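Worksheet for the structure shown next.
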Amino acid sequence: MKIDERHLIQLAAVVKTGGVTEGAALLGLAQPAVSRTLSMLEKRVGEPLFIKGRRPLQPTPFGLALAEHGFVMLAASRKASDLLESFRVGKSGVVRVGGTPFFMDALIAGLCAEFQAHHPDVRIDQSYGYFPDLRAALKADQIDLAICPIDILDEGSGLEFQQILPGRNVIACRMTHPLLLKRRPQPSHLLDYPWVAPPPGSPLMTDLRALLLSFGATEIKIRYSGGSLMAVINYLKSADALTVMPHSVVFAQRKEKTITALPVNIPHPERALAILKRTDAPRTPAVEQFASFIRTGFQDLRHLIKRHEEAVIWGL
């Protein structure tokens, strides 16, 4: 004998609440409909489901045994409803985000943790890449968002971007670098020291070459290359080498007191850190919530960086 699962759920709701009216309200159904269901179920199984004359309603042992199966389905239904509502408001789901290594490690990873403190049921899958790889991953639907430096998008690219931080590079060094003792370091002073190369494929490598050429260098003294952000930081804090980094990345390390920026103005790159997404991508609530959280986080960061810059006497 096959019993309709919906009938078991209605039976469970009535047993749970102790009344047909209350059980119907729990399920969002009309009371007469639930009464008919219970009557049909009793006729079908040939056994009473409730003890007559008891208020609130008290199930018979057989009625309770059937209701136990309904409880399982009722609980599963409630969980599914909660999951759906959570998904609709961006409280659950998956966010696939890719980005350039230095920014992801220094800034985005911490914001991911802060986001999940308020959205613990959202999983974040993070990957690394530079603009060409991230653009390909977006178009292949391998990631939902890309966070990377960008100068301009080609018309008809199928991508949209939202700037979250203007481009600004600084020359990074350890906190006790000899150049920090000079009141106004000159370009010729910087050329006396070796340099750390940014990761291969990074726009920072182009910036480093352009910077040193503007200083009059004919060749670049690269002492260390190929490291991650943590590797570069650990190298810098133990050597007198210099490197080019986004100011926001150096600023993010201020509490560690390992590296800092030389008070020397250098040309700003014609690009900005931005959030990229496909224009035709479905607007998944969790992804939208995450992107909004990142934008807000960088608004606060911009103000902090500006205050920090105003407290530093930059050289000319």
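Labeling convention for the structure tokens: chains A, B, ... as they appear, residues from 1 per chain, ligands from 1 in order of appearance.
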Shell around Ile51 in chain A at 6 Å using only C-alpha atoms, local window under 5 positions removed, as JSON, numbers by chain: {"A": [58, 59, 60]}
Keeping N, CA and C atoms, export the residues of the selection given above as a PDB file, in the first residue's frame.
```
ATOM      1  N   GLN A  58      -4.755  13.568  20.503  1.00  0.00           N
ATOM      2  CA  GLN A  58      -3.717  12.625  20.922  1.00  0.00           C
ATOM      3  C   GLN A  58      -3.705  11.456  19.958  1.00  0.00           C
ATOM      4  N   PRO A  59      -2.588  11.200  19.314  1.00  0.00           N
ATOM      5  CA  PRO A  59      -2.557  10.119  18.326  1.00  0.00           C
ATOM      6  C   PRO A  59      -2.603   8.753  18.990  1.00  0.00           C
ATOM      7  N   THR A  60      -3.176   7.790  18.262  1.00  0.00           N
ATOM      8  CA  THR A  60      -3.090   6.390  18.680  1.00  0.00           C
ATOM      9  C   THR A  60      -1.659   5.925  18.462  1.00  0.00           C
TER      10      THR A  60
END
```
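For Leu38 in chain A, the set of protein, DNA and RNA residues having any atom at most 9 Å away, when counting only C-alpha atoms and skipping those fewer than 3 positions along the same chain, is A:His7, A:Gln10, A:Leu11, A:Ala33, A:Val34, A:Ser35, A:Leu41, A:Glu42, A:Lys43, A:Leu49.
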8 Å contact set for range 233-248 of chain A, only C-alpha atoms, chain neighbours under 5 positions out, as a list of chain:residue names: A:Gly167, A:Arg168, A:Asn169, A:Val170, A:Ile171, A:Ala172, A:Cys173, A:Arg174, A:Met175, A:His177, A:Pro178, A:Tyr193, A:Pro194, A:Trp195, A:Val196, A:Ala197, A:Pro198, A:Leu204, A:Asp207, A:Leu208, A:Arg223, A:Thr258, A:Ile259, A:Ala261, A:Ile305
Strand (DSSP E) per DSSP on the backbone: members of range 149-181 of chain A, as a ChimeraX atom specification: /A:149-150,159-166,169-174
Shell around Ala210 in chain A at 12 Å using only C-alpha atoms, local window under 4 positions removed, as a PyMOL selection string: chain A and resi 203-206+214-220+244+266-269
Requested write-out: N, CA and C atoms of the selected residues, as a tab-separated table (two decimals), in the first residue's frame:
```tsv
chain	number	residue	atom	x	y	z
A	203	PRO	N	51.47	43.03	-13.85
A	203	PRO	CA	51.65	44.39	-14.40
A	203	PRO	C	52.74	45.16	-13.66
A	204	LEU	N	53.03	44.75	-12.43
A	204	LEU	CA	54.06	45.43	-11.66
A	204	LEU	C	55.44	45.31	-12.31
A	205	MET	N	55.65	44.23	-13.06
A	205	MET	CA	56.94	44.07	-13.73
A	205	MET	C	57.13	45.15	-14.78
A	206	THR	N	56.06	45.45	-15.52
A	206	THR	CA	56.11	46.54	-16.49
A	206	THR	C	56.35	47.87	-15.79
A	214	SER	N	62.98	55.54	-16.07
A	214	SER	CA	62.80	56.96	-15.78
A	214	SER	C	63.87	57.48	-14.83
A	215	PHE	N	64.45	56.58	-14.04
A	215	PHE	CA	65.54	56.97	-13.14
A	215	PHE	C	66.89	57.03	-13.86
A	216	GLY	N	66.91	56.59	-15.11
A	216	GLY	CA	68.16	56.61	-15.87
A	216	GLY	C	68.93	55.31	-15.81
A	217	ALA	N	68.32	54.24	-15.31
A	217	ALA	CA	69.02	52.96	-15.23
A	217	ALA	C	69.14	52.34	-16.62
A	218	THR	N	70.26	51.74	-16.89
A	218	THR	CA	70.47	51.04	-18.17
A	218	THR	C	70.25	49.54	-18.02
A	219	GLU	N	70.28	49.06	-16.80
A	219	GLU	CA	69.99	47.67	-16.54
A	219	GLU	C	69.41	47.54	-15.14
A	220	ILE	N	68.68	46.45	-14.93
A	220	ILE	CA	68.02	46.24	-13.65
A	220	ILE	C	68.78	45.19	-12.85
A	244	VAL	N	58.72	47.30	-6.30
A	244	VAL	CA	57.53	48.11	-6.55
A	244	VAL	C	56.30	47.30	-6.12
A	266	ILE	N	56.47	58.41	-7.24
A	266	ILE	CA	56.79	57.77	-8.51
A	266	ILE	C	55.55	57.83	-9.39
A	267	PRO	N	55.70	57.68	-10.70
A	267	PRO	CA	54.54	57.78	-11.60
A	267	PRO	C	53.46	56.74	-11.25
A	268	HIS	N	52.20	57.17	-11.31
A	268	HIS	CA	51.11	56.24	-11.05
A	268	HIS	C	50.77	55.47	-12.33
A	269	PRO	N	50.48	54.20	-12.23
A	269	PRO	CA	50.07	53.45	-13.42
A	269	PRO	C	48.68	53.89	-13.87
```
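Reported to one decimal place, the separation of CA of Arg123 in chain A from CA of Arg135 in chain A is 22.0 Å.
In this model, the gap between CA of Arg254 in chain A and CA of Pro101 in chain A comes to 18.6 Å.
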Expected answer as a ChimeraX atom specification: helix (DSSP H, G or I) residues in range 23-216 of chain A: /A:23-27,31-45,61-88,101-118,131-139,178-181,187-190,203-214
